[in-house]
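For reference, final-v7.tsv is printed below; it contains TSV, C-alpha atoms.
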chain	number	residue	atom	x	y	z
J	1	MET	CA	4.32	54.69	18.67
J	2	ILE	CA	6.48	52.58	16.43
J	3	ARG	CA	9.43	53.13	18.70
J	4	LEU	CA	7.34	52.14	21.70
J	5	LEU	CA	6.26	48.93	19.96
J	6	ALA	CA	9.86	48.20	19.09
J	7	ILE	CA	10.93	48.64	22.68
J	8	LEU	CA	8.01	46.51	23.87
J	9	SER	CA	8.83	43.73	21.47
J	10	LEU	CA	12.49	43.84	22.48
J	11	LEU	CA	11.46	43.64	26.09
J	12	SER	CA	9.09	40.80	25.55
J	13	SER	CA	11.61	38.85	23.51
J	14	SER	CA	14.18	39.15	26.23
J	15	PHE	CA	11.50	38.20	28.72
J	16	ALA	CA	10.56	35.23	26.65
J	17	TYR	CA	14.13	34.12	26.41
J	18	GLY	CA	14.04	32.52	29.82
J	19	ALA	CA	10.89	30.53	29.15
J	20	GLU	CA	12.00	29.81	25.66
J	21	LEU	CA	14.34	26.91	26.19
J	22	SER	CA	12.24	23.81	26.14
J	23	ALA	CA	13.31	20.24	26.63
J	24	VAL	CA	11.99	18.02	23.88
J	25	GLN	CA	10.59	14.77	25.24
J	26	LEU	CA	12.02	12.51	22.58
J	27	ASN	CA	10.20	9.38	23.69
J	28	LYS	CA	6.87	11.14	23.18
J	29	SER	CA	7.86	12.89	19.97
J	30	THR	CA	7.72	11.40	16.48
J	31	ILE	CA	8.95	12.11	13.00
J	32	ALA	CA	6.92	10.13	10.49
J	33	PHE	CA	6.29	10.28	6.78
J	34	VAL	CA	3.87	9.00	4.18
J	35	SER	CA	5.15	8.11	0.76
J	36	ARG	CA	2.98	7.03	-2.16
J	37	GLN	CA	3.92	3.86	-3.96
J	38	MET	CA	1.68	3.18	-6.96
J	39	ASN	CA	-0.65	5.64	-5.23
J	40	VAL	CA	-0.71	3.47	-2.12
J	41	PRO	CA	0.04	5.56	0.97
J	42	VAL	CA	2.82	3.87	2.95
J	43	GLU	CA	3.72	5.09	6.42
J	44	GLY	CA	7.20	5.21	7.80
J	45	ILE	CA	9.04	6.68	10.77
J	46	PHE	CA	12.50	7.66	11.92
J	47	LYS	CA	13.16	6.06	15.28
J	48	GLN	CA	16.23	8.11	16.22
J	49	PHE	CA	16.53	11.84	16.10
J	50	SER	CA	17.59	14.73	18.25
J	51	ALA	CA	15.70	17.97	18.57
J	52	GLN	CA	16.43	21.28	20.18
J	53	ILE	CA	13.37	23.43	20.05
J	54	SER	CA	12.72	26.62	21.89
J	55	ILE	CA	9.45	28.32	21.46
J	56	ASP	CA	7.25	30.54	23.56
J	57	PRO	CA	3.63	30.48	22.42
J	58	THR	CA	3.28	34.13	23.35
J	59	LYS	CA	6.37	35.00	21.35
J	60	PRO	CA	6.72	32.44	18.58
J	61	GLU	CA	8.81	34.73	16.39
J	62	ALA	CA	11.71	34.20	18.77
J	63	GLY	CA	11.44	30.45	18.36
J	64	ARG	CA	14.32	28.32	17.21
J	65	ALA	CA	14.57	24.74	16.16
J	66	ARG	CA	17.28	22.36	15.20
J	67	ILE	CA	16.37	18.80	14.32
J	68	GLU	CA	18.78	16.07	13.40
J	69	ILE	CA	17.60	12.73	12.12
J	70	ASP	CA	19.57	9.52	12.22
J	71	LEU	CA	18.60	8.26	8.77
J	72	ALA	CA	19.62	4.65	9.36
J	73	SER	CA	16.89	4.46	12.01
J	74	ILE	CA	14.28	4.56	9.27
J	75	ASP	CA	11.35	2.18	9.25
J	76	ALA	CA	10.00	2.56	5.74
J	77	GLY	CA	7.23	0.02	6.18
J	78	SER	CA	8.91	-3.31	5.38
J	79	THR	CA	12.23	-5.08	5.85
J	80	ASP	CA	12.92	-4.96	2.12
J	81	ALA	CA	12.25	-1.24	2.00
J	82	ASN	CA	14.39	-0.57	5.08
J	83	ASP	CA	17.38	-2.22	3.45
J	84	GLU	CA	16.73	-0.48	0.15
J	85	VAL	CA	16.32	3.09	1.40
J	86	LYS	CA	19.63	3.05	3.28
J	87	GLY	CA	21.38	2.34	-0.01
J	88	LYS	CA	23.13	4.67	-2.39
J	89	SER	CA	20.22	5.62	-4.61
J	90	TRP	CA	18.08	6.58	-1.60
J	91	PHE	CA	19.60	8.09	1.57
J	92	ASN	CA	23.09	6.65	1.23
J	93	THR	CA	23.28	6.54	5.00
J	94	ARG	CA	26.90	5.38	5.01
J	95	GLU	CA	28.03	8.65	3.49
J	96	PHE	CA	25.24	10.85	4.81
J	97	PRO	CA	24.12	9.41	8.14
J	98	LYS	CA	22.09	12.43	9.20
J	99	ALA	CA	19.50	14.80	7.84
J	100	SER	CA	18.96	18.11	9.56
J	101	PHE	CA	16.66	21.08	9.73
J	102	ALA	CA	17.78	24.37	11.25
J	103	SER	CA	15.23	27.13	11.52
J	104	SER	CA	16.08	30.67	10.62
J	105	GLU	CA	12.70	32.23	11.25
J	106	VAL	CA	9.35	31.39	12.82
J	107	LYS	CA	6.28	33.20	11.57
J	108	ALA	CA	2.85	33.37	13.14
J	109	LEU	CA	0.17	32.57	10.55
J	110	GLY	CA	-2.71	33.35	12.91
J	111	SER	CA	-5.30	31.22	14.72
J	112	GLY	CA	-2.72	29.04	16.43
J	113	ARG	CA	-0.81	28.28	13.26
J	114	PHE	CA	2.87	29.00	12.72
J	115	GLU	CA	5.50	28.36	10.14
J	116	ALA	CA	9.16	27.55	10.58
J	117	LEU	CA	11.47	28.57	7.78
J	118	GLY	CA	14.94	27.22	7.57
J	119	LYS	CA	17.51	25.05	5.95
J	120	MET	CA	16.92	21.40	5.30
J	121	THR	CA	19.98	19.30	4.67
J	122	ILE	CA	19.65	15.79	3.29
J	123	LYS	CA	22.25	13.76	1.44
J	124	GLY	CA	24.67	16.66	1.45
J	125	LYS	CA	22.23	19.02	-0.18
J	126	THR	CA	20.84	22.06	1.63
J	127	LEU	CA	17.61	23.72	0.58
J	128	GLU	CA	15.42	26.40	2.03
J	129	SER	CA	12.24	24.84	3.33
J	130	ARG	CA	9.21	25.70	5.36
J	131	ALA	CA	7.16	23.69	7.79
J	132	PRO	CA	3.81	24.89	9.08
J	133	PHE	CA	2.87	23.76	12.56
J	134	THR	CA	0.41	24.28	15.36
J	135	LEU	CA	1.12	24.78	19.03
J	136	LYS	CA	-1.03	23.42	21.78
J	137	GLN	CA	-0.55	23.76	25.50
J	138	GLU	CA	-1.66	20.75	27.45
J	139	LYS	CA	-1.05	19.66	31.05
J	140	GLY	CA	2.22	21.45	31.45
J	141	VAL	CA	3.58	20.44	28.09
J	142	LEU	CA	3.65	22.17	24.76
J	143	ILE	CA	2.68	20.11	21.74
J	144	LEU	CA	4.00	21.07	18.37
J	145	ASP	CA	2.40	19.34	15.37
J	146	GLY	CA	3.03	19.84	11.71
J	147	THR	CA	3.05	18.34	8.26
J	148	PHE	CA	4.86	19.48	5.19
J	149	PRO	CA	5.44	18.10	1.72
J	150	LEU	CA	9.00	17.23	0.84
J	151	LYS	CA	9.96	16.64	-2.77
J	152	ARG	CA	12.34	13.70	-2.51
J	153	LEU	CA	13.94	14.29	-5.91
J	154	ASP	CA	15.01	17.80	-4.86
J	155	PHE	CA	17.44	16.01	-2.57
J	156	GLY	CA	18.18	13.14	-4.91
J	157	ILE	CA	16.38	10.66	-2.65
J	158	GLY	CA	15.52	7.67	-4.83
J	159	SER	CA	17.61	8.26	-7.91
J	160	GLY	CA	18.17	6.14	-11.00
J	161	LEU	CA	15.39	3.63	-11.60
J	162	TRP	CA	13.58	4.93	-8.53
J	163	SER	CA	13.26	8.44	-9.94
J	164	ASP	CA	10.16	7.23	-11.79
J	165	THR	CA	7.52	9.21	-9.93
J	166	SER	CA	4.69	7.13	-11.38
J	167	VAL	CA	5.87	4.37	-9.04
J	168	VAL	CA	7.07	6.32	-6.01
J	169	ALA	CA	5.63	9.82	-5.93
J	170	ASP	CA	8.02	12.75	-5.69
J	171	GLU	CA	6.09	14.30	-2.85
J	172	VAL	CA	6.45	12.74	0.59
J	173	GLN	CA	4.38	14.04	3.47
J	174	VAL	CA	6.53	14.53	6.54
J	175	LYS	CA	4.68	14.66	9.85
J	176	PHE	CA	6.28	15.78	13.05
J	177	HIS	CA	4.97	15.75	16.57
J	178	PHE	CA	7.13	17.22	19.34
J	179	VAL	CA	6.28	17.31	23.01
J	180	LEU	CA	8.11	20.06	24.86
J	181	LYS	CA	8.35	20.58	28.57
P	1	MET	CA	-26.99	-31.44	-27.55
P	2	THR	CA	-29.69	-28.82	-27.45
P	3	THR	CA	-28.95	-25.16	-26.92
P	4	SER	CA	-30.47	-25.32	-23.44
P	5	ALA	CA	-27.73	-27.79	-22.57
P	6	ARG	CA	-25.10	-25.06	-22.54
P	7	TYR	CA	-24.40	-22.38	-20.00
P	8	THR	CA	-25.89	-18.94	-20.64
P	9	PHE	CA	-23.67	-16.62	-22.64
P	10	THR	CA	-23.21	-14.42	-19.56
P	11	ALA	CA	-21.95	-17.39	-17.56
P	12	ILE	CA	-19.70	-18.46	-20.46
P	13	ARG	CA	-18.18	-15.00	-20.84
P	14	LEU	CA	-17.60	-14.66	-17.11
P	15	HIS	CA	-16.06	-18.15	-16.91
P	16	TRP	CA	-13.50	-17.47	-19.63
P	17	LEU	CA	-12.76	-13.94	-18.53
P	18	ILE	CA	-12.14	-15.09	-14.94
P	19	ALA	CA	-10.08	-18.05	-16.20
P	20	PHE	CA	-7.97	-15.73	-18.35
P	21	LEU	CA	-7.38	-13.33	-15.45
P	22	ILE	CA	-6.43	-16.18	-13.12
P	23	PHE	CA	-3.98	-17.48	-15.70
P	24	ALA	CA	-2.41	-14.00	-15.67
P	25	ALA	CA	-2.52	-13.34	-11.91
P	26	PHE	CA	-1.09	-16.70	-10.79
P	27	PRO	CA	2.25	-16.64	-12.64
P	28	LEU	CA	2.53	-12.91	-12.05
P	29	GLY	CA	2.24	-13.52	-8.31
P	30	LEU	CA	4.87	-16.26	-8.41
P	31	TYR	CA	7.25	-14.15	-10.47
P	32	MET	CA	6.93	-10.88	-8.56
P	33	SER	CA	7.32	-12.37	-5.09
P	34	ASP	CA	10.85	-13.56	-5.91
P	35	LEU	CA	11.99	-10.24	-7.35
P	36	GLU	CA	14.33	-7.92	-5.47
P	37	LEU	CA	12.65	-4.70	-4.43
P	38	SER	CA	12.53	-2.46	-7.51
P	39	PRO	CA	10.08	-0.09	-9.19
P	40	LEU	CA	9.08	-3.00	-11.43
P	41	LYS	CA	8.27	-5.12	-8.39
P	42	LEU	CA	6.04	-2.39	-6.93
P	43	GLN	CA	4.26	-2.06	-10.27
P	44	LEU	CA	3.75	-5.80	-10.64
P	45	ILE	CA	2.46	-6.14	-7.08
P	46	SER	CA	-0.11	-3.45	-7.81
P	47	TYR	CA	-1.15	-5.09	-11.09
P	48	HIS	CA	-1.47	-8.42	-9.30
P	49	LYS	CA	-3.66	-6.85	-6.61
P	50	TRP	CA	-5.86	-5.13	-9.20
P	51	LEU	CA	-6.23	-8.45	-11.03
P	52	GLY	CA	-7.21	-10.10	-7.76
P	53	VAL	CA	-9.87	-7.50	-6.98
P	54	THR	CA	-11.23	-7.83	-10.53
P	55	ILE	CA	-11.34	-11.63	-10.29
P	56	PHE	CA	-13.13	-11.36	-6.94
P	57	LEU	CA	-15.75	-8.93	-8.29
P	58	LEU	CA	-16.36	-10.95	-11.47
P	59	THR	CA	-16.71	-14.13	-9.42
P	60	VAL	CA	-19.28	-12.50	-7.15
P	61	ALA	CA	-21.15	-11.49	-10.32
P	62	ARG	CA	-20.82	-15.03	-11.67
P	63	LEU	CA	-22.18	-16.55	-8.45
P	64	ALA	CA	-25.08	-14.08	-8.37
P	65	TRP	CA	-25.87	-14.98	-11.96
P	66	ARG	CA	-25.59	-18.68	-11.26
P	67	ALA	CA	-28.01	-18.37	-8.36
P	68	LYS	CA	-30.71	-17.36	-10.85
P	69	HIS	CA	-29.61	-19.41	-13.84
P	70	THR	CA	-29.32	-23.12	-13.21
P	71	PRO	CA	-26.33	-24.66	-14.96
P	72	PRO	CA	-27.15	-27.19	-17.68
P	73	PRO	CA	-27.53	-30.80	-16.52
P	74	LEU	CA	-24.65	-33.22	-16.73
P	75	PRO	CA	-24.85	-36.00	-19.33
P	76	GLU	CA	-27.03	-38.91	-18.22
P	77	ALA	CA	-24.19	-41.35	-18.76
P	78	MET	CA	-22.14	-39.83	-15.96
P	79	LEU	CA	-21.74	-42.02	-12.91
P	80	ALA	CA	-22.74	-40.91	-9.44
P	81	TRP	CA	-19.15	-40.56	-8.20
P	82	GLN	CA	-18.29	-38.53	-11.28
P	83	ARG	CA	-21.19	-36.20	-10.57
P	84	THR	CA	-20.11	-35.84	-6.97
P	85	ALA	CA	-16.54	-35.18	-8.05
P	86	THR	CA	-17.68	-32.63	-10.64
P	87	HIS	CA	-19.80	-30.70	-8.16
P	88	SER	CA	-17.12	-30.85	-5.47
P	89	VAL	CA	-14.44	-29.49	-7.79
P	90	HIS	CA	-16.74	-26.75	-9.06
P	91	HIS	CA	-17.76	-25.69	-5.56
P	92	LEU	CA	-14.20	-25.79	-4.26
P	93	LEU	CA	-13.06	-23.72	-7.22
P	94	TYR	CA	-15.68	-21.07	-6.48
P	95	LEU	CA	-14.68	-21.14	-2.84
P	96	LEU	CA	-10.99	-20.67	-3.61
P	97	ILE	CA	-11.55	-18.04	-6.27
P	98	ILE	CA	-13.32	-16.03	-3.58
P	99	ALA	CA	-10.96	-16.93	-0.72
P	100	ILE	CA	-7.70	-16.28	-2.59
P	101	PRO	CA	-8.27	-12.59	-3.35
P	102	LEU	CA	-9.62	-12.13	0.18
P	103	SER	CA	-6.48	-13.67	1.69
P	104	GLY	CA	-4.35	-11.45	-0.55
P	105	TRP	CA	-6.28	-8.37	0.51
P	106	LEU	CA	-5.91	-9.23	4.21
P	107	MET	CA	-2.24	-10.06	3.71
P	108	SER	CA	-1.64	-6.68	2.08
P	109	SER	CA	-3.34	-4.90	4.97
P	110	ALA	CA	-1.36	-6.87	7.56
P	111	LYS	CA	1.84	-6.02	5.74
P	112	GLY	CA	0.89	-2.34	5.86
P	113	PHE	CA	0.21	-1.88	2.16
P	114	GLN	CA	-3.31	-0.82	1.41
P	115	THR	CA	-4.96	-2.00	-1.79
P	116	VAL	CA	-5.77	0.93	-4.07
P	117	TYR	CA	-7.81	-0.48	-6.96
P	118	PHE	CA	-6.34	0.77	-10.26
P	119	GLY	CA	-4.41	3.31	-8.18
P	120	VAL	CA	-7.66	5.20	-7.68
P	121	LEU	CA	-10.05	3.43	-5.33
P	122	PRO	CA	-8.64	2.66	-1.87
P	123	LEU	CA	-10.12	-0.47	-0.34
P	124	PRO	CA	-10.48	-0.36	3.43
P	125	ASP	CA	-7.95	-2.27	5.51
P	126	LEU	CA	-9.98	-4.84	7.44
P	127	ILE	CA	-7.05	-5.56	9.72
P	128	GLY	CA	-4.25	-3.38	11.00
P	129	LYS	CA	-0.56	-3.70	10.31
P	130	ASP	CA	0.85	-6.82	11.94
P	131	LYS	CA	4.04	-8.32	10.52
P	132	ALA	CA	3.63	-11.79	12.02
P	133	LEU	CA	0.04	-12.03	10.80
P	134	GLY	CA	1.15	-10.76	7.40
P	135	ASP	CA	3.67	-13.58	7.10
P	136	ILE	CA	1.04	-16.16	8.06
P	137	LEU	CA	-1.44	-14.74	5.55
P	138	LYS	CA	1.22	-14.91	2.85
P	139	GLU	CA	1.57	-18.64	3.56
P	140	VAL	CA	-2.21	-19.01	3.51
P	141	HIS	CA	-2.42	-17.12	0.22
P	142	GLU	CA	0.24	-19.38	-1.32
P	143	LEU	CA	-1.28	-22.61	0.00
P	144	LEU	CA	-4.73	-21.69	-1.28
P	145	ASN	CA	-3.17	-20.94	-4.66
P	146	TYR	CA	-1.46	-24.31	-4.85
P	147	GLY	CA	-4.78	-25.88	-3.87
P	148	MET	CA	-6.41	-24.02	-6.72
P	149	LEU	CA	-3.66	-25.08	-9.11
P	150	GLY	CA	-4.46	-28.72	-8.31
P	151	LEU	CA	-8.18	-28.13	-8.81
P	152	VAL	CA	-7.63	-26.31	-12.10
P	153	ILE	CA	-5.52	-29.21	-13.36
P	154	ALA	CA	-8.30	-31.62	-12.37
P	155	HIS	CA	-10.92	-29.34	-13.92
P	156	VAL	CA	-9.10	-28.94	-17.25
P	157	GLY	CA	-8.09	-32.60	-17.29
P	158	ALA	CA	-11.68	-33.69	-16.75
P	159	ALA	CA	-12.95	-31.32	-19.45
P	160	LEU	CA	-10.41	-32.69	-21.94
P	161	LYS	CA	-11.17	-36.28	-20.95
P	162	HIS	CA	-14.89	-35.67	-21.53
P	163	HIS	CA	-14.18	-34.03	-24.83
P	164	PHE	CA	-11.61	-36.36	-26.33
P	165	ILE	CA	-12.24	-39.68	-24.63
P	166	ASP	CA	-15.88	-39.75	-23.55
P	167	ARG	CA	-16.91	-37.49	-26.45
P	168	ASP	CA	-20.04	-36.55	-24.52
P	169	GLY	CA	-20.07	-32.94	-25.70
P	170	ILE	CA	-19.75	-31.64	-22.16
P	171	LEU	CA	-17.08	-29.09	-23.11
P	172	ALA	CA	-19.54	-27.51	-25.53
P	173	ARG	CA	-21.55	-26.37	-22.48
P	174	MET	CA	-18.77	-23.83	-21.98
P	175	LEU	CA	-17.52	-23.62	-25.58
P	176	PRO	CA	-20.67	-23.56	-27.72
P	177	PHE	CA	-18.74	-23.39	-30.99
P	178	LEU	CA	-17.59	-26.96	-30.38
P	179	ASP	CA	-21.18	-28.04	-30.59
P	180	LYS	CA	-21.43	-27.73	-34.38
P	181	GLU	CA	-17.99	-29.07	-35.14
P	182	ASN	CA	-18.29	-32.19	-33.06
P	183	ARG	CA	-21.77	-33.24	-33.98
P	184	PRO	CA	-21.74	-36.32	-36.17
If you took the structure in this file and wrote it as structure tokens, what would it be?
Amino acid sequence: MIRLLAILSLLSSSFAYGAELSAVQLNKSTIAFVSRQMNVPVEGIFKQFSAQISIDPTKPEAGRARIEIDLASIDAGSTDANDEVKGKSWFNTREFPKASFASSEVKALGSGRFEALGKMTIKGKTLESRAPFTLKQEKGVLILDGTFPLKRLDFGIGSGLWSDTSVVADEVQVKFHFVLK
Amino acid sequence: MTTSARYTFTAIRLHWLIAFLIFAAFPLGLYMSDLELSPLKLQLISYHKWLGVTIFLLTVARLAWRAKHTPPPLPEAMLAWQRTATHSVHHLLYLLIIAIPLSGWLMSSAKGFQTVYFGVLPLPDLIGKDKALGDILKEVHELLNYGMLGLVIAHVGAALKHHFIDRDGILARMLPFLDKENRP
């Protein structure tokens, strides 16, 4: 029985492989975040990023994702903030222009919920991270939505004076929305 | 001067408390807006906004109180134009003390920064994020403040003139302890 299941899953994963490669519609996809400044939620987005995502809703375990964000494309909510966060104590975009996430595993959590595990690299530092998401099929496209907390200080984002978490909270909510064809 | 010739103690306390908070919020606003972005700046902006909300709420309380407690009459010796000027300045001050925090609140919303009172109570954003509108509201907020500065100078100047030149005891309406000291 176990062997049969193993064969079946092998079969289905190779089946899924063809349907797996999805084109991410970048103009309809977003990577946004909410930071808390003096407990005031402030929204921001990254305008430029690339994403290769392949996922089959019937076989999510075989899913793969690689996201690369152009950090200088940040809109952190105000002109002042945009200038500031590109600087050394924040993203240091001159030295580290990109942040990336590469999945190593996708788990089904049940009832339409999944979780991508993988390596997040920001500012030259790579950490294991996880991002839960949902999948929704809609008019020929697949919509992938998720939110996860990112602890900015783990990556040294906002160091020095800015490491005071009573002003800017450590935890930043990252929200992603990908439309796949 | 009889005791009924002064403001009620509630009105007196509110007047001085609001005055004190305005004297804190105004220079704080001037100072913080010229700072480079820093954690200190974010803290000061929040303190300024909390002060503004507090001033607004206390002024609403003061107006509600005033609606039921008529202010003491002005001295008989005051001329008609002086009475008109007094009432105009008082009314304009109330108007600005209400309008200034409102303009700051709207400006914050337009700039995309919600007001979270004491870091705990989020106030709704009445308008959405709109950079151009935010810049206009900042100008409005500043102009109203300079208007208020002029009125406060007139208000304080008039109070001092009444106290030291006219010696009509009018300041004792708001500072009852002067009453005893200045009575002949």
>> So the first atom is atom CA of J:Glu95 and the second is atom CA of J:Lys123; what is the distance between them in Å, to one decimal place?
In response: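 For atom CA of J:Glu95 relative to atom CA of J:Lys123, the distance reads 8.0 Å.
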May I have a table of the residues of stretch 49-114 of chain J lying at most 12 Å from stretch 94-115 of chain P, giving each one's closest pair of atoms and their distance in Å to one decimal, counting only C-alpha atoms, ordered by chain and ascending residue number, as JSON lines?
{"residue": "J:Asp75", "atom": "CA", "partner": "P:Gly112", "partner_atom": "CA", "distance": 11.9}
{"residue": "J:Ala76", "atom": "CA", "partner": "P:Gly112", "partner_atom": "CA", "distance": 10.3}
{"residue": "J:Gly77", "atom": "CA", "partner": "P:Gly112", "partner_atom": "CA", "distance": 6.8}
{"residue": "J:Ser78", "atom": "CA", "partner": "P:Lys111", "partner_atom": "CA", "distance": 7.6}
{"residue": "J:Thr79", "atom": "CA", "partner": "P:Lys111", "partner_atom": "CA", "distance": 10.4}
{"residue": "J:Asp80", "atom": "CA", "partner": "P:Lys111", "partner_atom": "CA", "distance": 11.7}
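Shortest separation to J:Ile55 among J:Asn92, J:Thr134, J:Gln37, J:Thr121 occurs at residue J:Thr134, atoms counted being all atoms listed in the file.
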> Once you count all atoms listed in the file, which residues of chain J turn out to be within 10 Å of chain P? Could you give them as a list in words?
Replying inline: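 Residues satisfying the distance criterion: Gln37, Met38, Asn39, Val40, Pro41, Val42, Glu43, Gly77, Ser78, Thr79, Asp80, Ala81, Asp83, Glu84, Leu161, Trp162, Ser163, Asp164, Thr165, Ser166, Val167 and Val168 of chain J.
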Dump of C-alpha atoms for the selected residues, as a JSON list (two decimals), in the coordinates of the input:
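The new file again23.json reads:
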[["chain", "number", "residue", "atom", "x", "y", "z"],
["J", 37, "GLN", "CA", 3.92, 3.86, -3.96],
["J", 38, "MET", "CA", 1.68, 3.18, -6.96],
["J", 39, "ASN", "CA", -0.65, 5.64, -5.23],
["J", 40, "VAL", "CA", -0.71, 3.47, -2.12],
["J", 41, "PRO", "CA", 0.04, 5.56, 0.97],
["J", 42, "VAL", "CA", 2.82, 3.87, 2.95],
["J", 43, "GLU", "CA", 3.72, 5.09, 6.42],
["J", 77, "GLY", "CA", 7.23, 0.02, 6.18],
["J", 78, "SER", "CA", 8.91, -3.31, 5.38],
["J", 79, "THR", "CA", 12.23, -5.08, 5.85],
["J", 80, "ASP", "CA", 12.92, -4.96, 2.12],
["J", 81, "ALA", "CA", 12.25, -1.24, 2.00],
["J", 83, "ASP", "CA", 17.38, -2.22, 3.45],
["J", 84, "GLU", "CA", 16.73, -0.48, 0.15],
["J", 161, "LEU", "CA", 15.39, 3.63, -11.60],
["J", 162, "TRP", "CA", 13.58, 4.93, -8.53],
["J", 163, "SER", "CA", 13.26, 8.44, -9.94],
["J", 164, "ASP", "CA", 10.16, 7.23, -11.79],
["J", 165, "THR", "CA", 7.52, 9.21, -9.93],
["J", 166, "SER", "CA", 4.69, 7.13, -11.38],
["J", 167, "VAL", "CA", 5.87, 4.37, -9.04],
["J", 168, "VAL", "CA", 7.07, 6.32, -6.01]]
> Smallest atom-to-atom distance to J:Ser35: which of J:Leu142, J:Arg64, J:Gly160, J:Glu171, using all atoms listed in the file?
Replying inline: J:Glu171
>> Which residues are close to J:Leu150, i.e. within 9 Å by only C-alpha atoms, leaving aside same-chain residues fewer than 4 positions away? Reply as a list of chain:residue names.
In response: J:Ser129, J:Asp154, J:Asp170, J:Glu171, J:Val172, J:Gln173, J:Val174
>> When you count all atoms listed in the file, which of these residues is closest to J:Phe101: J:Ile67, J:Val85, J:Leu153, J:Ala116?
In response: J:Ile67
> Rounded to one decimal in Å, what is the spacing between atom CA of J:Trp90 and atom CA of J:Leu144?
Replying inline: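 Result for atom CA of J:Trp90 versus atom CA of J:Leu144: 28.4 Å, one decimal.
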> Can you tell me, as an MDAnalysis selection string, which residues sit within 6 Å of (4.6, 15.7, 15.4) in the file's frame, using all atoms listed in the file?
Replying inline: chainID J and resid 30 145:146 175:178
>> Taking 2 positions as the minimum chain separation for residues in the same chain, which residues sit within 8 Å of stretch 66-75 of chain P when counting all atoms listed in the file? Answer as a PyMOL selection string.
In response: chain P and resi 4-8+11+62-64+77-78+83+168+170+173
> Mind pulling up the distance from atom CA of P:Asp179 to atom CA of P:Thr86?
Replying inline: 20.8 Å
>> With 10 Å as the threshold, what does the neighbourhood of (-15.5, -29.1, -28.5) contain in terms of residues, counting all atoms listed in the file? Coordinates are those of the file; answer as a ChimeraX atom specification.
In response: /P:159-160,162-164,167-183
> Could you pull the residues within 10 Å of J:Gly112, counting all atoms listed in the file, minus those fewer than 2 positions along the same chain, as a list in words?
Replying inline: Pro57, Ala108, Leu109, Gly110, Phe114, Phe133, Thr134, Leu135 and Lys136 of chain J
